[in-house]
$ cat final-v2.cif   # mmCIF, C-alpha atoms
data_input
loop_
_atom_site.label_atom_id
_atom_site.label_comp_id
_atom_site.auth_asym_id
_atom_site.auth_seq_id
_atom_site.Cartn_x
_atom_site.Cartn_y
_atom_site.Cartn_z
CA VAL A 84 -42.84 -16.55 -6.02
CA ALA A 85 -44.03 -19.35 -8.31
CA GLY A 86 -41.45 -20.16 -10.96
CA ALA A 87 -39.03 -17.66 -9.53
CA ASP A 88 -36.21 -20.16 -9.54
CA ALA A 89 -36.08 -19.81 -13.34
CA HIS A 90 -35.86 -16.05 -12.95
CA GLU A 91 -32.97 -13.74 -12.25
CA VAL A 92 -32.79 -10.35 -10.58
CA VAL A 93 -31.53 -7.01 -11.70
CA TYR A 94 -30.89 -4.26 -9.16
CA GLY A 95 -29.99 -0.61 -9.20
CA ARG A 96 -31.91 2.31 -10.70
CA ARG A 97 -30.35 2.44 -14.15
CA ALA A 98 -30.00 -1.33 -14.49
CA VAL A 99 -33.72 -1.81 -13.72
CA ALA A 100 -34.76 1.09 -15.98
CA GLU A 101 -32.82 -0.40 -18.90
CA ALA A 102 -34.21 -3.88 -18.18
CA GLU A 103 -37.71 -2.39 -18.48
CA ARG A 104 -36.98 -1.13 -21.98
CA GLY A 105 -34.76 -4.08 -22.90
CA ARG A 106 -35.26 -7.53 -24.39
CA ARG A 107 -36.13 -9.70 -21.44
CA ARG A 108 -39.43 -9.91 -19.63
CA VAL A 109 -39.68 -8.07 -16.32
CA HIS A 110 -41.94 -10.05 -13.99
CA ARG A 111 -42.02 -7.85 -10.94
CA ILE A 112 -40.33 -4.82 -9.45
CA TRP A 113 -39.73 -4.32 -5.76
CA HIS A 114 -39.18 -0.89 -4.24
CA ALA A 115 -37.51 -0.30 -0.89
CA GLU A 116 -40.25 2.12 0.19
CA ASP A 117 -42.77 -0.74 0.01
CA HIS A 118 -40.71 -3.73 1.07
CA GLY A 119 -37.86 -2.32 3.14
CA ASP A 120 -34.14 -2.10 2.59
CA ALA A 121 -33.37 -5.45 4.22
CA GLU A 122 -35.84 -7.35 2.02
CA LEU A 123 -34.39 -5.75 -1.12
CA THR A 124 -30.86 -6.60 0.01
CA ARG A 125 -32.00 -10.20 0.45
CA LEU A 126 -33.68 -10.28 -2.98
CA ALA A 127 -30.74 -8.61 -4.71
CA GLY A 128 -28.11 -10.59 -2.84
CA SER A 129 -26.33 -7.26 -2.44
CA PRO A 130 -26.77 -4.01 -0.52
CA ASP A 131 -26.08 -2.06 -3.74
CA HIS A 132 -29.68 -2.12 -4.96
CA GLN A 133 -30.37 1.63 -4.69
CA GLY A 134 -33.90 0.88 -3.54
CA VAL A 135 -35.08 -1.11 -6.56
CA VAL A 136 -34.89 -4.77 -7.59
CA ALA A 137 -36.54 -6.39 -10.63
CA GLU A 138 -37.34 -10.06 -11.16
CA VAL A 139 -36.54 -10.78 -14.81
CA ASP A 140 -36.13 -13.62 -17.30
CA PRO A 141 -32.63 -15.16 -17.48
CA TYR A 142 -30.10 -13.11 -19.43
CA PRO A 143 -30.57 -13.79 -23.17
CA TYR A 144 -27.07 -14.64 -24.36
CA ALA A 145 -26.37 -14.28 -28.06
CA ARG A 146 -24.67 -16.84 -30.31
CA ALA A 147 -21.05 -15.79 -30.71
CA HIS A 148 -20.91 -16.58 -34.41
CA ASP A 149 -23.86 -14.27 -35.14
CA LEU A 150 -21.93 -11.26 -33.82
CA LEU A 151 -19.77 -11.33 -36.94
CA ASP A 152 -22.61 -11.21 -39.48
CA ASP A 153 -22.38 -7.49 -40.28
CA GLU A 154 -19.70 -6.55 -42.75
CA ASP A 155 -18.49 -3.87 -40.34
CA ALA A 156 -18.88 -6.07 -37.25
CA LEU A 157 -16.93 -4.79 -34.24
CA VAL A 158 -16.66 -7.33 -31.43
CA VAL A 159 -14.85 -7.25 -28.09
CA ALA A 160 -13.64 -10.63 -26.79
CA LEU A 161 -12.55 -10.92 -23.17
CA ASP A 162 -10.11 -13.63 -22.15
CA GLU A 163 -11.07 -14.80 -18.64
CA VAL A 164 -11.99 -11.41 -17.24
CA GLN A 165 -13.24 -12.26 -13.75
CA ASP A 166 -14.02 -8.89 -12.22
CA PRO A 167 -17.75 -8.10 -12.59
CA HIS A 168 -17.08 -4.37 -12.55
CA ASN A 169 -14.63 -4.69 -15.41
CA LEU A 170 -17.02 -6.82 -17.48
CA GLY A 171 -19.85 -4.39 -16.79
CA ALA A 172 -17.69 -1.39 -17.70
CA VAL A 173 -16.56 -3.04 -20.96
CA CYS A 174 -20.20 -3.78 -21.86
CA ARG A 175 -21.22 -0.17 -21.14
CA SER A 176 -18.54 1.22 -23.46
CA ALA A 177 -19.22 -1.41 -26.12
CA GLU A 178 -22.91 -0.50 -26.14
CA VAL A 179 -22.23 3.24 -26.36
CA ALA A 180 -19.75 2.59 -29.19
CA GLY A 181 -22.39 0.61 -31.07
CA ALA A 182 -20.27 -2.54 -31.04
CA SER A 183 -21.79 -5.74 -32.43
CA GLY A 184 -21.28 -7.47 -29.11
CA VAL A 185 -18.99 -8.87 -26.43
CA VAL A 186 -17.71 -12.45 -26.28
CA ILE A 187 -16.81 -13.87 -22.87
CA CYS A 188 -15.43 -17.20 -21.66
CA GLU A 189 -17.77 -19.75 -20.07
CA ARG A 190 -15.23 -20.67 -17.41
CA ARG A 191 -12.93 -18.70 -15.09
CA ALA A 192 -14.75 -15.53 -16.14
CA ALA A 193 -17.57 -13.32 -14.92
CA ALA A 194 -20.95 -14.05 -16.53
CA VAL A 195 -23.72 -11.45 -16.88
CA THR A 196 -24.66 -11.45 -13.20
CA PRO A 197 -26.80 -8.82 -11.47
CA ALA A 198 -23.58 -7.06 -10.38
CA VAL A 199 -22.48 -6.89 -14.02
CA CYS A 200 -25.87 -5.53 -15.11
CA LYS A 201 -25.50 -2.73 -12.56
CA ALA A 202 -21.85 -2.04 -13.42
CA SER A 203 -22.85 -1.75 -17.08
CA ALA A 204 -25.48 0.88 -16.18
CA GLY A 205 -27.99 -1.46 -17.83
CA ALA A 206 -26.14 -1.52 -21.16
CA VAL A 207 -26.14 -5.34 -21.24
CA GLU A 208 -29.92 -5.22 -21.80
CA HIS A 209 -29.29 -3.71 -25.27
CA LEU A 210 -25.97 -5.38 -26.09
CA ALA A 211 -25.29 -8.84 -27.53
CA VAL A 212 -23.15 -10.84 -25.10
CA ALA A 213 -22.11 -14.37 -26.08
CA ARG A 214 -20.27 -17.09 -24.18
CA VAL A 215 -17.76 -19.48 -25.72
CA GLY A 216 -16.21 -22.60 -24.24
CA ASN A 217 -12.77 -22.02 -25.71
CA LEU A 218 -11.86 -18.50 -26.81
CA ALA A 219 -8.75 -19.45 -28.83
CA ASP A 220 -10.75 -22.05 -30.78
CA TRP A 221 -13.55 -19.55 -31.40
CA LEU A 222 -11.10 -16.95 -32.71
CA LEU A 223 -9.49 -19.48 -35.05
CA GLU A 224 -12.91 -20.52 -36.29
CA ALA A 225 -13.95 -16.88 -36.76
CA LYS A 226 -10.84 -16.24 -38.85
CA ARG A 227 -11.86 -19.01 -41.29
CA ARG A 228 -14.27 -16.41 -42.60
CA ASP A 229 -11.85 -14.70 -44.90
CA ASP A 230 -12.63 -11.14 -43.90
CA VAL A 231 -12.41 -11.31 -40.11
CA TRP A 232 -9.41 -9.71 -38.41
CA VAL A 233 -8.48 -10.39 -34.81
CA TYR A 234 -6.36 -7.94 -32.80
CA GLY A 235 -5.15 -8.55 -29.27
CA ALA A 236 -4.27 -5.81 -26.79
CA ASP A 237 -0.81 -6.40 -25.33
CA ALA A 238 1.14 -3.68 -23.52
CA GLY A 239 4.44 -4.92 -24.96
CA ALA A 240 3.36 -5.20 -28.60
CA PRO A 241 5.04 -3.15 -31.34
CA GLY A 242 1.83 -2.28 -33.20
CA SER A 243 -0.22 0.77 -32.27
CA PRO A 244 -4.00 1.18 -32.64
CA SER A 245 -3.93 4.12 -35.05
CA LYS A 246 -1.46 2.34 -37.35
CA THR A 247 -3.63 -0.80 -37.39
CA ASP A 248 -6.55 -1.04 -39.80
CA LEU A 249 -9.59 -1.47 -37.57
CA THR A 250 -12.18 -1.25 -40.34
CA GLY A 251 -14.20 -4.19 -41.62
CA ARG A 252 -15.04 -7.23 -39.49
CA VAL A 253 -12.84 -6.87 -36.40
CA VAL A 254 -12.51 -8.69 -33.09
CA LEU A 255 -10.63 -6.85 -30.32
CA VAL A 256 -9.27 -9.26 -27.69
CA LEU A 257 -8.42 -8.12 -24.17
CA GLY A 258 -7.15 -10.15 -21.24
CA SER A 259 -7.59 -9.88 -17.52
CA GLU A 260 -5.76 -7.18 -15.61
CA GLY A 261 -2.43 -8.42 -14.37
CA ARG A 262 -2.24 -11.51 -16.54
CA GLY A 263 -3.25 -10.21 -19.97
CA ILE A 264 -4.13 -12.49 -22.87
CA ARG A 265 -3.16 -16.17 -22.55
CA PRO A 266 -0.51 -17.36 -25.01
CA ARG A 267 -2.81 -19.61 -27.05
CA VAL A 268 -5.34 -16.77 -27.38
CA ALA A 269 -2.58 -14.33 -28.37
CA ALA A 270 -1.38 -16.84 -30.97
CA ALA A 271 -4.88 -16.85 -32.48
CA CYS A 272 -4.69 -13.08 -33.10
CA ASP A 273 -3.63 -11.66 -36.47
CA ALA A 274 -1.61 -9.01 -34.64
CA LEU A 275 -1.07 -7.58 -31.18
CA VAL A 276 -1.40 -3.86 -30.54
CA ALA A 277 -0.27 -1.72 -27.62
CA ILE A 278 -2.03 1.38 -26.43
CA PRO A 279 0.76 3.94 -25.96
CA SER A 280 2.02 4.11 -22.39
CA ARG A 281 4.09 7.10 -21.32
CA GLY A 282 3.81 6.90 -17.54
CA ARG A 283 5.37 4.87 -14.75
CA VAL A 284 2.21 2.88 -14.04
CA THR A 285 2.09 0.81 -17.18
CA SER A 286 -1.33 -0.72 -17.27
CA LEU A 287 -4.73 0.66 -18.13
CA ASN A 288 -7.93 -0.68 -16.69
CA VAL A 289 -9.29 -3.30 -19.12
CA SER A 290 -12.47 -1.32 -19.75
CA VAL A 291 -10.39 1.78 -20.56
CA ALA A 292 -8.16 -0.23 -22.92
CA ALA A 293 -11.23 -1.71 -24.64
CA SER A 294 -12.79 1.75 -24.94
CA VAL A 295 -9.69 3.36 -26.44
CA LEU A 296 -9.58 0.61 -29.09
CA LEU A 297 -13.34 0.76 -29.76
CA PHE A 298 -13.37 4.52 -30.28
CA GLU A 299 -10.22 4.38 -32.41
CA ALA A 300 -12.05 1.83 -34.57
CA LEU A 301 -15.03 4.21 -34.76
CA ARG A 302 -12.74 7.06 -35.76
CA GLN A 303 -11.25 4.96 -38.55
CA ARG A 304 -14.77 4.05 -39.66
CA GLY A 305 -15.71 7.70 -39.96
CA HIS A 306 -17.71 8.04 -36.75
CA GLY A 307 -16.29 10.89 -34.68
CA VAL B 273 1.97 6.86 16.68
CA ALA B 274 3.73 10.16 17.45
CA GLY B 275 2.97 12.76 14.82
CA ALA B 276 0.65 10.41 12.99
CA ASP B 277 -2.13 12.96 12.89
CA ALA B 278 -0.12 14.88 10.26
CA HIS B 279 0.22 11.68 8.26
CA GLU B 280 -2.12 9.95 5.88
CA VAL B 281 -2.52 6.32 4.95
CA VAL B 282 -2.36 4.47 1.69
CA TYR B 283 -3.74 0.94 1.42
CA GLY B 284 -3.80 -1.82 -1.14
CA ARG B 285 -0.91 -3.69 -2.71
CA ARG B 286 -0.34 -1.57 -5.80
CA ALA B 287 -1.11 1.73 -4.09
CA VAL B 288 1.47 1.01 -1.36
CA ALA B 289 4.05 -0.25 -3.86
CA GLU B 290 3.71 2.94 -5.91
CA ALA B 291 3.85 5.09 -2.76
CA GLU B 292 7.17 3.42 -1.94
CA ARG B 293 8.66 4.49 -5.25
CA GLY B 294 6.78 7.80 -5.37
CA ARG B 295 7.35 11.34 -4.09
CA ARG B 296 6.10 11.27 -0.54
CA ARG B 297 7.85 9.82 2.47
CA VAL B 298 6.64 6.44 3.68
CA HIS B 299 6.92 6.31 7.46
CA ARG B 300 5.77 2.81 8.19
CA ILE B 301 4.13 -0.16 6.55
CA TRP B 302 1.77 -2.54 8.28
CA HIS B 303 1.11 -6.05 7.02
CA ALA B 304 -1.94 -8.11 7.94
CA GLU B 305 0.21 -11.16 8.71
CA ASP B 306 1.87 -9.22 11.54
CA HIS B 307 -0.95 -7.03 12.80
CA GLY B 308 -4.13 -8.81 11.82
CA ASP B 309 -6.89 -8.00 9.38
CA ALA B 310 -9.00 -6.07 11.89
CA GLU B 311 -6.15 -3.76 12.87
CA LEU B 312 -5.39 -3.01 9.22
CA THR B 313 -9.06 -2.33 8.53
CA ARG B 314 -9.00 0.12 11.45
CA LEU B 315 -5.81 1.81 10.21
CA ALA B 316 -7.03 1.98 6.61
CA GLY B 317 -10.55 3.00 7.52
CA SER B 318 -11.65 0.42 4.95
CA PRO B 319 -11.69 -3.37 4.58
CA ASP B 320 -10.20 -3.01 1.06
CA HIS B 321 -6.58 -2.92 2.24
CA GLN B 322 -5.48 -6.23 0.67
CA GLY B 323 -3.30 -6.90 3.70
CA VAL B 324 -1.08 -3.83 3.52
CA VAL B 325 -1.34 -0.25 4.83
CA ALA B 326 1.33 2.46 4.68
CA GLU B 327 1.60 5.57 6.80
CA VAL B 328 2.74 8.36 4.49
CA ASP B 329 3.20 12.12 4.28
CA PRO B 330 0.13 14.09 3.17
CA TYR B 331 -0.56 13.99 -0.55
CA PRO B 332 1.68 16.56 -2.31
CA TYR B 333 -0.74 18.55 -4.44
CA ALA B 334 0.71 20.47 -7.36
CA ARG B 335 0.02 24.12 -8.27
CA ALA B 336 -2.58 24.15 -11.03
CA HIS B 337 -0.87 26.88 -13.02
CA ASP B 338 2.37 24.89 -13.19
CA LEU B 339 0.64 22.07 -15.06
CA LEU B 340 0.49 24.27 -18.17
CA ASP B 341 4.20 25.09 -18.34
CA ASP B 342 5.12 22.56 -21.03
CA GLU B 343 4.37 23.68 -24.56
CA ASP B 344 2.60 20.38 -25.17
CA ALA B 345 0.88 20.34 -21.77
CA LEU B 346 -2.09 17.98 -21.62
CA VAL B 347 -4.28 18.50 -18.55
CA VAL B 348 -7.54 16.90 -17.43
CA ALA B 349 -9.85 19.12 -15.36
CA LEU B 350 -12.72 17.51 -13.47
CA ASP B 351 -15.79 19.57 -12.59
CA GLU B 352 -17.05 18.37 -9.22
CA VAL B 353 -16.42 14.66 -9.74
CA GLN B 354 -17.37 13.18 -6.38
CA ASP B 355 -16.94 9.45 -6.88
CA PRO B 356 -13.50 8.36 -5.59
CA HIS B 357 -13.41 5.43 -8.01
CA ASN B 358 -13.98 7.74 -10.94
CA LEU B 359 -11.29 10.19 -9.78
CA GLY B 360 -8.87 7.32 -9.22
CA ALA B 361 -9.63 5.81 -12.62
CA VAL B 362 -9.13 9.18 -14.36
CA CYS B 363 -5.78 9.61 -12.60
CA ARG B 364 -4.67 6.12 -13.62
CA SER B 365 -5.39 6.78 -17.29
CA ALA B 366 -3.89 10.28 -17.16
CA GLU B 367 -0.67 8.90 -15.72
CA VAL B 368 -0.44 6.11 -18.31
CA ALA B 369 -1.10 8.67 -21.05
CA GLY B 370 1.73 10.84 -19.73
CA ALA B 371 -0.62 13.77 -19.07
CA SER B 372 0.79 16.84 -17.35
CA GLY B 373 -1.72 16.48 -14.55
CA VAL B 374 -5.28 16.52 -13.29
CA VAL B 375 -7.08 19.56 -11.85
CA ILE B 376 -9.89 18.96 -9.38
CA CYS B 377 -12.29 21.20 -7.47
CA GLU B 378 -11.67 21.95 -3.80
CA ARG B 379 -15.35 21.66 -2.94
CA ARG B 380 -18.11 19.17 -3.79
CA ALA B 381 -15.47 16.89 -5.27
CA ALA B 382 -13.38 13.89 -4.24
CA ALA B 383 -9.87 14.77 -3.05
CA VAL B 384 -6.90 12.38 -3.26
CA THR B 385 -8.07 10.14 -0.43
CA PRO B 386 -6.73 6.66 0.32
CA ALA B 387 -9.67 5.22 -1.67
CA VAL B 388 -8.61 7.32 -4.67
CA CYS B 389 -4.98 6.20 -4.32
CA LYS B 390 -6.13 2.59 -4.46
CA ALA B 391 -8.57 3.17 -7.33
CA SER B 392 -5.75 4.81 -9.30
CA ALA B 393 -3.56 1.70 -8.80
CA GLY B 394 -1.05 4.07 -7.20
CA ALA B 395 -0.82 6.32 -10.27
CA VAL B 396 -1.48 9.45 -8.17
CA GLU B 397 1.97 8.99 -6.60
CA HIS B 398 3.57 9.83 -9.97
CA LEU B 399 0.95 12.24 -11.31
CA ALA B 400 0.53 15.97 -10.65
CA VAL B 401 -2.91 16.61 -9.12
CA ALA B 402 -3.89 20.21 -8.32
CA ARG B 403 -6.92 21.66 -6.56
CA VAL B 404 -8.62 24.91 -7.53
CA GLY B 405 -11.27 26.89 -5.66
CA ASN B 406 -13.22 27.85 -8.76
CA LEU B 407 -12.75 25.81 -11.90
CA ALA B 408 -14.42 28.27 -14.31
CA ASP B 409 -12.20 31.10 -13.03
CA TRP B 410 -9.11 28.93 -13.34
CA LEU B 411 -9.96 28.00 -16.93
CA LEU B 412 -10.53 31.66 -17.85
CA GLU B 413 -7.22 32.58 -16.24
CA ALA B 414 -5.45 29.71 -18.03
CA LYS B 415 -6.80 30.93 -21.36
CA ARG B 416 -5.19 34.35 -20.83
CA ARG B 417 -2.01 32.55 -21.83
CA ASP B 418 -2.49 32.89 -25.55
CA ASP B 419 -1.71 29.31 -26.47
CA VAL B 420 -3.92 27.35 -24.09
CA TRP B 421 -7.03 25.66 -25.50
CA VAL B 422 -9.82 24.35 -23.33
CA TYR B 423 -12.19 21.63 -24.56
CA GLY B 424 -15.17 20.37 -22.61
CA ALA B 425 -16.72 16.92 -23.03
CA ASP B 426 -20.47 17.20 -23.62
CA ALA B 427 -22.55 14.35 -25.03
CA GLY B 428 -24.74 16.77 -26.99
CA ALA B 429 -21.97 18.83 -28.57
CA PRO B 430 -21.54 19.05 -32.35
CA GLY B 431 -17.73 18.77 -32.32
CA SER B 432 -15.96 15.42 -32.37
CA PRO B 433 -12.57 14.61 -30.81
CA SER B 434 -10.83 13.59 -34.02
CA LYS B 435 -11.96 16.77 -35.81
CA THR B 436 -10.72 18.93 -32.91
CA ASP B 437 -7.07 19.95 -32.77
CA LEU B 438 -5.81 18.50 -29.49
CA THR B 439 -2.15 19.41 -30.02
CA GLY B 440 -0.34 22.14 -28.10
CA ARG B 441 -1.34 23.24 -24.59
CA VAL B 442 -4.73 21.62 -24.00
CA VAL B 443 -7.08 21.29 -21.05
CA LEU B 444 -9.77 18.59 -21.33
CA VAL B 445 -12.74 19.31 -19.03
CA LEU B 446 -15.11 16.55 -17.88
CA GLY B 447 -18.08 16.79 -15.55
CA SER B 448 -19.63 14.40 -13.10
CA GLU B 449 -21.67 11.48 -14.37
CA GLY B 450 -25.30 12.39 -14.67
CA ARG B 451 -24.88 16.14 -14.41
CA GLY B 452 -22.00 16.83 -16.79
CA ILE B 453 -20.14 20.14 -16.88
CA ARG B 454 -21.78 23.11 -15.11
CA PRO B 455 -22.89 25.94 -17.44
CA ARG B 456 -20.31 28.47 -16.25
CA VAL B 457 -17.52 25.91 -16.70
CA ALA B 458 -18.84 25.00 -20.17
CA ALA B 459 -18.90 28.69 -21.04
CA ALA B 460 -15.21 28.91 -20.14
CA CYS B 461 -14.35 26.25 -22.75
CA ASP B 462 -13.20 27.19 -26.24
CA ALA B 463 -15.34 24.40 -27.65
CA LEU B 464 -17.37 21.39 -26.53
CA VAL B 465 -16.76 17.97 -28.03
CA ALA B 466 -18.85 14.81 -27.98
CA ILE B 467 -17.46 11.32 -28.03
CA PRO B 468 -19.56 9.51 -30.65
CA SER B 469 -22.46 7.60 -29.14
CA ARG B 470 -24.19 4.95 -31.23
CA GLY B 471 -26.01 2.93 -28.58
CA ARG B 472 -29.16 3.29 -26.49
CA VAL B 473 -27.29 3.94 -23.23
CA THR B 474 -25.91 7.35 -24.01
CA SER B 475 -23.29 8.00 -21.39
CA LEU B 476 -19.77 6.76 -20.92
CA ASN B 477 -18.12 6.45 -17.55
CA VAL B 478 -16.18 9.67 -16.89
CA SER B 479 -12.85 7.84 -16.73
CA VAL B 480 -13.58 6.20 -20.08
CA ALA B 481 -14.53 9.54 -21.64
CA ALA B 482 -11.36 11.14 -20.28
CA SER B 483 -9.28 8.23 -21.58
CA VAL B 484 -10.76 8.34 -25.08
CA LEU B 485 -9.94 12.07 -25.27
CA LEU B 486 -6.44 11.63 -23.79
CA PHE B 487 -5.46 8.88 -26.22
CA GLU B 488 -6.98 10.76 -29.16
CA ALA B 489 -4.76 13.72 -28.12
CA LEU B 490 -1.76 11.35 -28.01
CA ARG B 491 -2.62 10.03 -31.46
CA GLN B 492 -2.74 13.56 -32.86
CA ARG B 493 0.58 14.27 -31.17
CA GLY B 494 2.20 11.32 -32.93
CA HIS B 495 2.22 8.89 -30.01
CA GLY B 496 0.52 5.66 -31.09
#
$ encode --input "final-v2.cif" --output "structure tokens"
Amino acid sequence: VAGADAHEVVYGRRAVAEAERGRRRVHRIWHAEDHGDAELTRLAGSPDHQGVVAEVDPYPYARAHDLLDDEDALVVALDEVQDPHNLGAVCRSAEVAGASGVVICERRAAAVTPAVCKASAGAVEHLAVARVGNLADWLLEAKRRDDVWVYGADAGAPGSPSKTDLTGRVVLVLGSEGRGIRPRVAAACDALVAIPSRGRVTSLNVSVAASVLLFEALRQRGHG
Amino acid sequence: VAGADAHEVVYGRRAVAEAERGRRRVHRIWHAEDHGDAELTRLAGSPDHQGVVAEVDPYPYARAHDLLDDEDALVVALDEVQDPHNLGAVCRSAEVAGASGVVICERRAAAVTPAVCKASAGAVEHLAVARVGNLADWLLEAKRRDDVWVYGADAGAPGSPSKTDLTGRVVLVLGSEGRGIRPRVAAACDALVAIPSRGRVTSLNVSVAASVLLFEALRQRGHG
């Protein structure tokens, strides 16, 4: 395909359907009934294509700073989350919650790959996702705007989501499963909050933790 | 292995670790360094074993009715959720939230398989999971106790979680992704509630929806 090396693919039924009504140009769609399962697996680079692969423009990343323009901006920032399913799941919830966007790290982190597009059920096509080189620096810079508040999720923190004011311009920071938020990123937060844990298995999936915080913010903002 | 046909397996590092400190007897543990990756894949029935497989007693299902004994019982009921990852993820969140248990359907639904144990990060070892033959009938029977309230999650419902009283004995009902709750199950609910949706992709993952409702219930109950 001429010029295809500047293109990316999206695979899976919902991911392709959302790409078709999303922001980036869809150049071509392959269906398994026409081209065969093996050819689609080759095009997708994965057997998880569900019979459909689209050739699309590269993912249109947003500028991180722009995500904070709205006076009720609600942003999720992920500190080196490497699992594509987790990134996709966070993006899906963020889009449903009407969040302003998701900030991810350029290095040691999943980017918006075809696997992430599928895991997000196509939500990334409608969501602003921005990459930053250094998350702690970006958070410190964001806080120079005098009405931005940054909250980090930390299982051991004393603060709880419902006792934290999540209205206004807010960035919710979550770390990778197992390791959590890095110390320098945690230090850049205004406060750390813990989702209540009452069981023996102490950790939530990162997309669940992000979702609980996002919908608590919505509740405080009068939505639901 | 003598008697092994009455045993089940659990695989994955966290799933095996939680089985070891959980309720069922662990008969034997295999490590890939001793037995090889291929042998563990054969024992696990999956390549996702992370180098460790345990032979354990069958999963000890709870009795559904018992889950409502506590006066602040908080139960999640899943209507024909077939995806093992979704069931495992719901169980993980329910355990972290300190829920009384999870009720699942006997038919057309995932049971607590080794894949579910792994997807739950071992949480099923500490959580009560009960199976019922007919979920609508069980909900109607549960409601005959005069202080049990049943709420179904439905994206189109007028009610919102924070405006619904989720204190006391509560059952939260969630359906499978795509299809939602079946009509007869929805009819058995006291009310339907919708998690607010402000994006273009309208549906949350079922484990995220369950988690948002569980932690909203905890908030109303004074936990976090």
$ atom_distance --input "final-v2.cif" --atom1 "atom CA of A:Pro197" --atom2 "atom CA of B:Ser392"
25.2 Å
$ interface_residues --input "final-v2.cif" --of "chain B" --to "chain A" --cutoff "8 Å" --atoms "all atoms listed in the file" --output "ChimeraX atom specification"
/B:361,364-365,367-370,393-395,398,432-435,467-477,479-480,483-484,487-488,491,495-496
$ residues_around --input "final-v2.cif" --residues "B:Arg314" --least-positions-apart "6" --cutoff "12 Å" --atoms "all atoms listed in the file" --output "MDAnalysis selection string"
chainID B and resid 281 283 302 304 307:308 320:321 323:325
$ residues_around --input "final-v2.cif" --residues "A:Ile187" --least-positions-apart "6" --cutoff "9 Å" --atoms "all atoms listed in the file" --output "VMD selection string"
chain A and resid 159 to 164 170 193 to 194 212 to 216 218
$ write_last_selection --input "final-v2.cif" --atoms "C-alpha atoms" --output "short mmCIF file (atom, residue, chain, number, x, y, z; two decimals), keeping the file's coordinate frame"
data_model
loop_
_atom_site.label_atom_id
_atom_site.label_comp_id
_atom_site.auth_asym_id
_atom_site.auth_seq_id
_atom_site.Cartn_x
_atom_site.Cartn_y
_atom_site.Cartn_z
CA VAL A 159 -14.85 -7.25 -28.09
CA ALA A 160 -13.64 -10.63 -26.79
CA LEU A 161 -12.55 -10.92 -23.17
CA ASP A 162 -10.11 -13.63 -22.15
CA GLU A 163 -11.07 -14.80 -18.64
CA VAL A 164 -11.99 -11.41 -17.24
CA LEU A 170 -17.02 -6.82 -17.48
CA ALA A 193 -17.57 -13.32 -14.92
CA ALA A 194 -20.95 -14.05 -16.53
CA VAL A 212 -23.15 -10.84 -25.10
CA ALA A 213 -22.11 -14.37 -26.08
CA ARG A 214 -20.27 -17.09 -24.18
CA VAL A 215 -17.76 -19.48 -25.72
CA GLY A 216 -16.21 -22.60 -24.24
CA LEU A 218 -11.86 -18.50 -26.81
#
$ resolve_selection --input "final-v2.cif" --expression "the PyMOL selection byres ((chain A and resi 234) around 7)" --output "JSON, numbers by chain"
{"A": [232, 233, 235, 236, 254, 255, 256, 272, 273, 274, 275, 276]}
$ resolve_selection --input "final-v2.cif" --expression "the PyMOL selection byres ((chain A and resi 150) around 10)" --output "ChimeraX atom specification"
/A:145-149,151-153,156-159,182-186,211-213,252,254
$ atom_distance --input "final-v2.cif" --atom1 "atom CA of B:Ala489" --atom2 "atom CA of A:Ser259"
26.0 Å
$ atom_distance --input "final-v2.cif" --atom1 "atom CA of B:Leu411" --atom2 "atom CA of B:Val442"
10.9 Å
$ residues_around --input "final-v2.cif" --residues "A:Arg108" --least-positions-apart "3" --cutoff "9 Å" --atoms "only C-alpha atoms" --output "CSV table (one decimal) with C-alpha atoms, in the coordinates of the input"
chain,number,residue,atom,x,y,z
A,102,ALA,CA,-34.2,-3.9,-18.2
A,103,GLU,CA,-37.7,-2.4,-18.5
A,105,GLY,CA,-34.8,-4.1,-22.9
A,138,GLU,CA,-37.3,-10.1,-11.2
A,139,VAL,CA,-36.5,-10.8,-14.8
A,140,ASP,CA,-36.1,-13.6,-17.3
A,141,PRO,CA,-32.6,-15.2,-17.5
$ axis_aligned_box --input "final-v2.cif" --around "stretch 124-137 of chain A" --padding-each-side "8 Å" --output "AutoDock Vina command-line options"
--center_x -31.3 --center_y -4.5 --center_z -5.1 --size_x 26.5 --size_y 28.2 --size_z 27.1
$ closest_residue --input "final-v2.cif" --among "B:Arg285, B:Arg456, B:Arg300, B:Arg293" --to "B:Ala391" --atoms "all atoms listed in the file"
B:Arg285
